[in-house]
Amino acid sequence: MYISLTDLFKIGIGPSSSHTVGPMRAARRFLIELPDDLLAKVTRVRVELFGSLAHTGHGHGTDIALQLGFSGELPDVVDTVAIPQMILAIGQSESIKLLGERAIRFQPMLDIRYNLKDVLPLHSNAMTFRAYSDDMSKAIAERTLYSIGGGFIVDEDEAFVGSPRGGEVSVPYPFAHMVELLARATDAKLPMSELLRANEHHVRGAAATSDFLDRITKTFFDCIDKGLATRGQLPGGLNVKRRAPDIHNQLLVERGQRGIAPHKALDWVSAYAIAVNEENAAGGRVVTAPTNGAAGVVPAVLRYAQDFCNVDRAGQHDFLLVASAVGALCKMNASISGAEVGCQGEVGSAAAMAAAGLAAALGASNEQIENAAEIALEHHLGMTCDPIGGLVQIPCIERNAMGAVKAISATSLAMRGDGTHRVSLDQAIDTMRRTGADMQSKYKETSQGGLALAQVEC
């Protein structure tokens, strides 16, 4: 099983990869994979949400995502501007067009159910879909799907905790742990990025790989630019004001002044990360990196590499190749789901990805790259996922800014050394897995503990 670039970096919409992107894909998958003769008989669809999806689904837009998925929409191509009108039309008409074709009766308040009591054993983010014909007493089709982080969806046959969900492909340089990737690079006498490039070229070809990397970079930077320019208040009821435009304007004014402190560069990084996560919180177009909740870290550090380190297109590609490999290792050997291991699996993994990517782009050795990723992840271990009101806003937006800054610091520390260190990235990832298993559920994206209790939801 190989987790490729296209598996890890998915273009979608906010505010959550596991609670928005995943459920949208799941609802569509449920209908798409019904036999044609059975789909033709469906006159009603219902979905029951469990665990974290039930507790924070409304704040994460899960109900909206499910309706879009039933309508046949996909996260990477849906018109984000048109979404409010689409949802309004479904509610007013009390009907939905299955896969955009045949209208059936649908009442969101009745047909989307939040089970706040039960948690299914395979993963907290569980959804049971049921389709009915004329007889509402018995479903003609039923299926449980799990959103396991980063937009990845599995069914009961595929799912087991921490499982890698990539493609069934062979690659020239397979690896399941960083120690294996380092050994293969040593044997081949190649930089880590070149081995990973060879794998990706084998999967889809050189031209398609370069095109995808360019598309991801453009989506990252477009999201930053839009977030830096868009004012207003974020939806959801917390009355959170967008801060990125004001920070950006202050930085522009200060740019021409004398005696600017060197740390101001990090203020730009924070502005980039905040811009992305404010766009995510508003339901805008973002990239899972590796999740939506942590979507600002990697693009902020990549933009820093371009704007402050003069990293060119080739270096940006190296950055993303190495970052994706680190993200894949976190997913394969632990989790990138806040509902499974807390925010250490989201912002922590993202910081490790960004640190490794920046190190690669700056010409670090393979050992320094591994060290950068380990430092970044190590100093996020134990971080809880406790969003206030079930919204990806407080503390999520600022956590991305801090994760980006930590990633840059980790790279700097690693490149001051020769790559020799005591704790390996593989050990840090395994520690994240074990820590997540020990963490109480109230700290894993249920908004029942931690900072989520700092403000009572009205």
# chains A, B, ... in the order shown; residues from 1 in each chain; ligands from 1
$ select_by_dssp --residues "segment 118-264 of chain A" --states "strand (DSSP E)" --output "ChimeraX atom specification"
/A:126-132,141-147,153-155
$ write_last_selection --atoms "N, CA and C atoms" --output "PDB file, in the first residue's frame"
ATOM      1  N   ALA A 126     -17.736   7.841  12.512  1.00  0.00           N
ATOM      2  CA  ALA A 126     -18.512   6.820  11.814  1.00  0.00           C
ATOM      3  C   ALA A 126     -19.833   7.383  11.315  1.00  0.00           C
ATOM      4  N   MET A 127     -20.265   6.883  10.152  1.00  0.00           N
ATOM      5  CA  MET A 127     -21.543   7.274   9.554  1.00  0.00           C
ATOM      6  C   MET A 127     -22.237   6.029   9.037  1.00  0.00           C
ATOM      7  N   THR A 128     -23.476   5.825   9.427  1.00  0.00           N
ATOM      8  CA  THR A 128     -24.255   4.713   8.886  1.00  0.00           C
ATOM      9  C   THR A 128     -25.320   5.278   7.955  1.00  0.00           C
ATOM     10  N   PHE A 129     -25.198   4.915   6.694  1.00  0.00           N
ATOM     11  CA  PHE A 129     -26.137   5.378   5.670  1.00  0.00           C
ATOM     12  C   PHE A 129     -27.208   4.315   5.454  1.00  0.00           C
ATOM     13  N   ARG A 130     -28.437   4.765   5.265  1.00  0.00           N
ATOM     14  CA  ARG A 130     -29.541   3.855   4.980  1.00  0.00           C
ATOM     15  C   ARG A 130     -30.375   4.426   3.844  1.00  0.00           C
ATOM     16  N   ALA A 131     -30.755   3.545   2.925  1.00  0.00           N
ATOM     17  CA  ALA A 131     -31.625   3.926   1.814  1.00  0.00           C
ATOM     18  C   ALA A 131     -32.934   3.158   1.925  1.00  0.00           C
ATOM     19  N   TYR A 132     -34.026   3.840   1.619  1.00  0.00           N
ATOM     20  CA  TYR A 132     -35.352   3.242   1.739  1.00  0.00           C
ATOM     21  C   TYR A 132     -36.104   3.355   0.419  1.00  0.00           C
ATOM     22  N   ALA A 141     -30.947  -0.721   1.683  1.00  0.00           N
ATOM     23  CA  ALA A 141     -29.482  -0.725   1.642  1.00  0.00           C
ATOM     24  C   ALA A 141     -28.967  -0.020   2.898  1.00  0.00           C
ATOM     25  N   GLU A 142     -27.907  -0.548   3.468  1.00  0.00           N
ATOM     26  CA  GLU A 142     -27.307   0.045   4.662  1.00  0.00           C
ATOM     27  C   GLU A 142     -25.800  -0.158   4.608  1.00  0.00           C
ATOM     28  N   ARG A 143     -25.057   0.885   4.982  1.00  0.00           N
ATOM     29  CA  ARG A 143     -23.603   0.777   4.942  1.00  0.00           C
ATOM     30  C   ARG A 143     -22.991   1.765   5.927  1.00  0.00           C
ATOM     31  N   THR A 144     -21.980   1.320   6.655  1.00  0.00           N
ATOM     32  CA  THR A 144     -21.255   2.190   7.573  1.00  0.00           C
ATOM     33  C   THR A 144     -19.904   2.543   6.964  1.00  0.00           C
ATOM     34  N   LEU A 145     -19.625   3.842   6.925  1.00  0.00           N
ATOM     35  CA  LEU A 145     -18.359   4.342   6.410  1.00  0.00           C
ATOM     36  C   LEU A 145     -17.681   5.166   7.493  1.00  0.00           C
ATOM     37  N   TYR A 146     -16.351   5.222   7.420  1.00  0.00           N
ATOM     38  CA  TYR A 146     -15.570   5.927   8.429  1.00  0.00           C
ATOM     39  C   TYR A 146     -14.702   6.989   7.770  1.00  0.00           C
ATOM     40  N   SER A 147     -14.698   8.177   8.355  1.00  0.00           N
ATOM     41  CA  SER A 147     -13.838   9.263   7.898  1.00  0.00           C
ATOM     42  C   SER A 147     -12.628   9.294   8.820  1.00  0.00           C
ATOM     43  N   ILE A 153     -11.632   7.899   3.328  1.00  0.00           N
ATOM     44  CA  ILE A 153     -12.864   7.191   3.669  1.00  0.00           C
ATOM     45  C   ILE A 153     -12.637   5.695   3.531  1.00  0.00           C
ATOM     46  N   VAL A 154     -13.081   4.935   4.531  1.00  0.00           N
ATOM     47  CA  VAL A 154     -13.010   3.474   4.446  1.00  0.00           C
ATOM     48  C   VAL A 154     -14.333   2.892   4.917  1.00  0.00           C
ATOM     49  N   ASP A 155     -14.621   1.672   4.472  1.00  0.00           N
ATOM     50  CA  ASP A 155     -15.803   0.973   4.975  1.00  0.00           C
ATOM     51  C   ASP A 155     -15.370  -0.035   6.029  1.00  0.00           C
TER      52      ASP A 155
END
$ residues_around --residues "Gly417 of chain A" --least-positions-apart "4" --cutoff "12 Å" --atoms "only C-alpha atoms" --output "list in words"
Ala364, Ser365, Glu367, Gln368, Ile369, Glu370, Asn371, Ala372, Ala410, Thr411, Ser412, Leu413 and His421 of chain A
$ write_last_selection --atoms "N, CA and C atoms" --output "PDB file, in the first residue's frame"
ATOM      1  N   ALA A 364      19.282  20.429   2.841  1.00  0.00           N
ATOM      2  CA  ALA A 364      19.740  19.655   3.992  1.00  0.00           C
ATOM      3  C   ALA A 364      20.039  18.216   3.589  1.00  0.00           C
ATOM      4  N   SER A 365      20.840  17.551   4.401  1.00  0.00           N
ATOM      5  CA  SER A 365      21.100  16.134   4.172  1.00  0.00           C
ATOM      6  C   SER A 365      19.863  15.325   4.542  1.00  0.00           C
ATOM      7  N   GLU A 367      19.678  12.984   6.667  1.00  0.00           N
ATOM      8  CA  GLU A 367      19.632  12.832   8.116  1.00  0.00           C
ATOM      9  C   GLU A 367      19.116  14.112   8.794  1.00  0.00           C
ATOM     10  N   GLN A 368      19.477  15.264   8.262  1.00  0.00           N
ATOM     11  CA  GLN A 368      18.971  16.525   8.802  1.00  0.00           C
ATOM     12  C   GLN A 368      17.474  16.677   8.547  1.00  0.00           C
ATOM     13  N   ILE A 369      17.023  16.207   7.402  1.00  0.00           N
ATOM     14  CA  ILE A 369      15.589  16.240   7.095  1.00  0.00           C
ATOM     15  C   ILE A 369      14.807  15.423   8.116  1.00  0.00           C
ATOM     16  N   GLU A 370      15.292  14.218   8.373  1.00  0.00           N
ATOM     17  CA  GLU A 370      14.624  13.354   9.367  1.00  0.00           C
ATOM     18  C   GLU A 370      14.637  14.005  10.737  1.00  0.00           C
ATOM     19  N   ASN A 371      15.756  14.617  11.090  1.00  0.00           N
ATOM     20  CA  ASN A 371      15.882  15.271  12.388  1.00  0.00           C
ATOM     21  C   ASN A 371      14.914  16.449  12.505  1.00  0.00           C
ATOM     22  N   ALA A 372      14.769  17.231  11.439  1.00  0.00           N
ATOM     23  CA  ALA A 372      13.847  18.379  11.447  1.00  0.00           C
ATOM     24  C   ALA A 372      12.415  17.918  11.702  1.00  0.00           C
ATOM     25  N   ALA A 410      12.416  24.132  13.952  1.00  0.00           N
ATOM     26  CA  ALA A 410      12.923  22.753  13.923  1.00  0.00           C
ATOM     27  C   ALA A 410      13.916  22.558  12.783  1.00  0.00           C
ATOM     28  N   THR A 411      13.594  23.121  11.626  1.00  0.00           N
ATOM     29  CA  THR A 411      14.508  23.026  10.487  1.00  0.00           C
ATOM     30  C   THR A 411      15.825  23.707  10.792  1.00  0.00           C
ATOM     31  N   SER A 412      15.754  24.896  11.384  1.00  0.00           N
ATOM     32  CA  SER A 412      16.970  25.632  11.712  1.00  0.00           C
ATOM     33  C   SER A 412      17.844  24.855  12.683  1.00  0.00           C
ATOM     34  N   LEU A 413      17.226  24.293  13.717  1.00  0.00           N
ATOM     35  CA  LEU A 413      17.989  23.505  14.683  1.00  0.00           C
ATOM     36  C   LEU A 413      18.632  22.286  14.029  1.00  0.00           C
ATOM     37  N   HIS A 421      21.026  12.369  16.375  1.00  0.00           N
ATOM     38  CA  HIS A 421      20.172  12.688  17.514  1.00  0.00           C
ATOM     39  C   HIS A 421      19.684  11.397  18.163  1.00  0.00           C
TER      40      HIS A 421
END
$ closest_atom_pairs --of "segment 399-453 of chain A" --to "segment 341-352 of chain A" --cutoff "12 Å" --atoms "only C-alpha atoms" --output "Markdown table"
| residue | atom | partner | partner_atom | distance |
| --- | --- | --- | --- | --- |
| A:Arg399 | CA | A:Val347 | CA | 7.2 |
| A:Asn400 | CA | A:Val347 | CA | 6.4 |
| A:Ala401 | CA | A:Val347 | CA | 9.6 |
| A:Met402 | CA | A:Val347 | CA | 9.1 |
| A:Gly403 | CA | A:Ala351 | CA | 5.4 |
| A:Ala404 | CA | A:Ala351 | CA | 6.1 |
| A:Val405 | CA | A:Ala351 | CA | 8.6 |
| A:Lys406 | CA | A:Ala351 | CA | 6.9 |
| A:Ala407 | CA | A:Ala351 | CA | 5.0 |
| A:Ile408 | CA | A:Ala351 | CA | 8.6 |
| A:Ser409 | CA | A:Ala351 | CA | 10.3 |
| A:Ala410 | CA | A:Ala352 | CA | 8.6 |
| A:Thr411 | CA | A:Ala352 | CA | 9.4 |
| A:Leu425 | CA | A:Ala352 | CA | 9.1 |
| A:Asp426 | CA | A:Ala352 | CA | 11.7 |
| A:Ala428 | CA | A:Ala352 | CA | 10.4 |
| A:Ile429 | CA | A:Ser349 | CA | 8.8 |
| A:Asp430 | CA | A:Gly345 | CA | 11.2 |
| A:Thr431 | CA | A:Gln344 | CA | 10.5 |
| A:Met432 | CA | A:Gln344 | CA | 7.0 |
| A:Arg433 | CA | A:Val341 | CA | 6.8 |
| A:Arg434 | CA | A:Val341 | CA | 8.6 |
| A:Thr435 | CA | A:Val341 | CA | 7.3 |
| A:Gly436 | CA | A:Val341 | CA | 3.8 |
| A:Ala437 | CA | A:Val341 | CA | 6.6 |
| A:Asp438 | CA | A:Val341 | CA | 8.7 |
| A:Met439 | CA | A:Val341 | CA | 7.2 |
| A:Gln440 | CA | A:Gly342 | CA | 9.4 |
| A:Ser441 | CA | A:Gly342 | CA | 8.8 |
| A:Lys442 | CA | A:Gly342 | CA | 9.7 |
| A:Tyr443 | CA | A:Gly342 | CA | 6.5 |
| A:Lys444 | CA | A:Gly342 | CA | 4.7 |
| A:Glu445 | CA | A:Gly342 | CA | 6.8 |
| A:Thr446 | CA | A:Gly342 | CA | 10.0 |
| A:Ser447 | CA | A:Gly342 | CA | 11.3 |
| A:Gly449 | CA | A:Gly342 | CA | 11.8 |
| A:Gly450 | CA | A:Gly342 | CA | 11.4 |
$ closest_atom_pairs --of "segment 14-105 of chain A" --to "segment 283-288 of chain A" --cutoff "12 Å" --atoms "only C-alpha atoms" --output "Markdown table"
| residue | atom | partner | partner_atom | distance |
| --- | --- | --- | --- | --- |
| A:Gly14 | CA | A:Gly283 | CA | 4.0 |
| A:Pro15 | CA | A:Gly283 | CA | 5.2 |
| A:Ser16 | CA | A:Gly283 | CA | 8.7 |
| A:Ser17 | CA | A:Thr288 | CA | 6.5 |
| A:Ser18 | CA | A:Thr288 | CA | 9.7 |
| A:His19 | CA | A:Gly283 | CA | 12.0 |
| A:Thr20 | CA | A:Gly283 | CA | 9.2 |
| A:Val21 | CA | A:Thr288 | CA | 9.2 |
| A:Gly22 | CA | A:Thr288 | CA | 11.0 |
| A:Gly59 | CA | A:Gly283 | CA | 11.4 |
| A:His60 | CA | A:Gly283 | CA | 9.3 |
| A:Gly61 | CA | A:Gly283 | CA | 8.4 |
| A:Thr62 | CA | A:Gly283 | CA | 11.4 |
| A:Ile64 | CA | A:Gly283 | CA | 10.5 |
| A:Ala65 | CA | A:Gly283 | CA | 10.4 |
| A:Pro75 | CA | A:Arg285 | CA | 8.6 |
| A:Asp76 | CA | A:Arg285 | CA | 7.9 |
| A:Val77 | CA | A:Arg285 | CA | 9.4 |
| A:Val78 | CA | A:Arg285 | CA | 9.4 |
| A:Asp79 | CA | A:Arg285 | CA | 9.3 |
| A:Thr80 | CA | A:Gly284 | CA | 6.4 |
| A:Val81 | CA | A:Gly284 | CA | 8.5 |
| A:Ala82 | CA | A:Gly284 | CA | 11.4 |
| A:Ile83 | CA | A:Gly283 | CA | 9.3 |
| A:Pro84 | CA | A:Gly283 | CA | 10.3 |
$ write_last_selection --atoms "C-alpha atoms" --output "short mmCIF file (atom, residue, chain, number, x, y, z; two decimals), in the first residue's frame"
data_model
loop_
_atom_site.label_atom_id
_atom_site.label_comp_id
_atom_site.auth_asym_id
_atom_site.auth_seq_id
_atom_site.Cartn_x
_atom_site.Cartn_y
_atom_site.Cartn_z
CA GLY A 14 -13.40 23.82 4.75
CA PRO A 15 -13.79 23.61 7.58
CA SER A 16 -12.66 20.01 8.18
CA SER A 17 -11.18 17.18 6.15
CA SER A 18 -12.59 14.49 8.44
CA HIS A 19 -15.90 16.19 9.20
CA THR A 20 -16.60 17.97 5.89
CA VAL A 21 -14.53 16.55 3.02
CA GLY A 22 -14.81 12.95 4.27
CA GLY A 59 -20.01 23.08 13.85
CA HIS A 60 -17.82 21.44 11.23
CA GLY A 61 -20.48 21.62 8.51
CA THR A 62 -21.00 17.86 8.35
CA ILE A 64 -23.96 20.57 4.72
CA ALA A 65 -21.31 18.21 3.41
CA PRO A 75 -15.01 18.67 -2.56
CA ASP A 76 -12.37 19.60 -5.13
CA VAL A 77 -14.78 20.91 -7.77
CA VAL A 78 -17.90 22.10 -5.94
CA ASP A 79 -18.61 25.81 -6.40
CA THR A 80 -17.97 27.14 -2.88
CA VAL A 81 -19.84 30.37 -3.63
CA ALA A 82 -22.99 28.47 -4.62
CA ILE A 83 -23.08 26.17 -1.58
CA PRO A 84 -25.31 28.35 0.66
#
$ closest_residue --among "A:Leu362, A:Phe221, A:Asp246, A:Ala356" --to "Arg303 of chain A" --atoms "only C-alpha atoms"
A:Phe221
$ residues_around --residues "Phe9 of chain A" --least-positions-apart "5" --cutoff "10 Å" --atoms "only C-alpha atoms" --output "PyMOL selection string"
chain A and resi 4+150-151+212-213+216+286-291+295+320+324+327
$ atom_distance --atom1 "atom CA of Ile87 of chain A" --atom2 "atom CA of Ala139 of chain A"
25.1 Å
$ closest_residue --among "A:Ala452, A:Val47, A:Ile388, A:Val171" --to "Asp111 of chain A" --atoms "only C-alpha atoms"
A:Val47
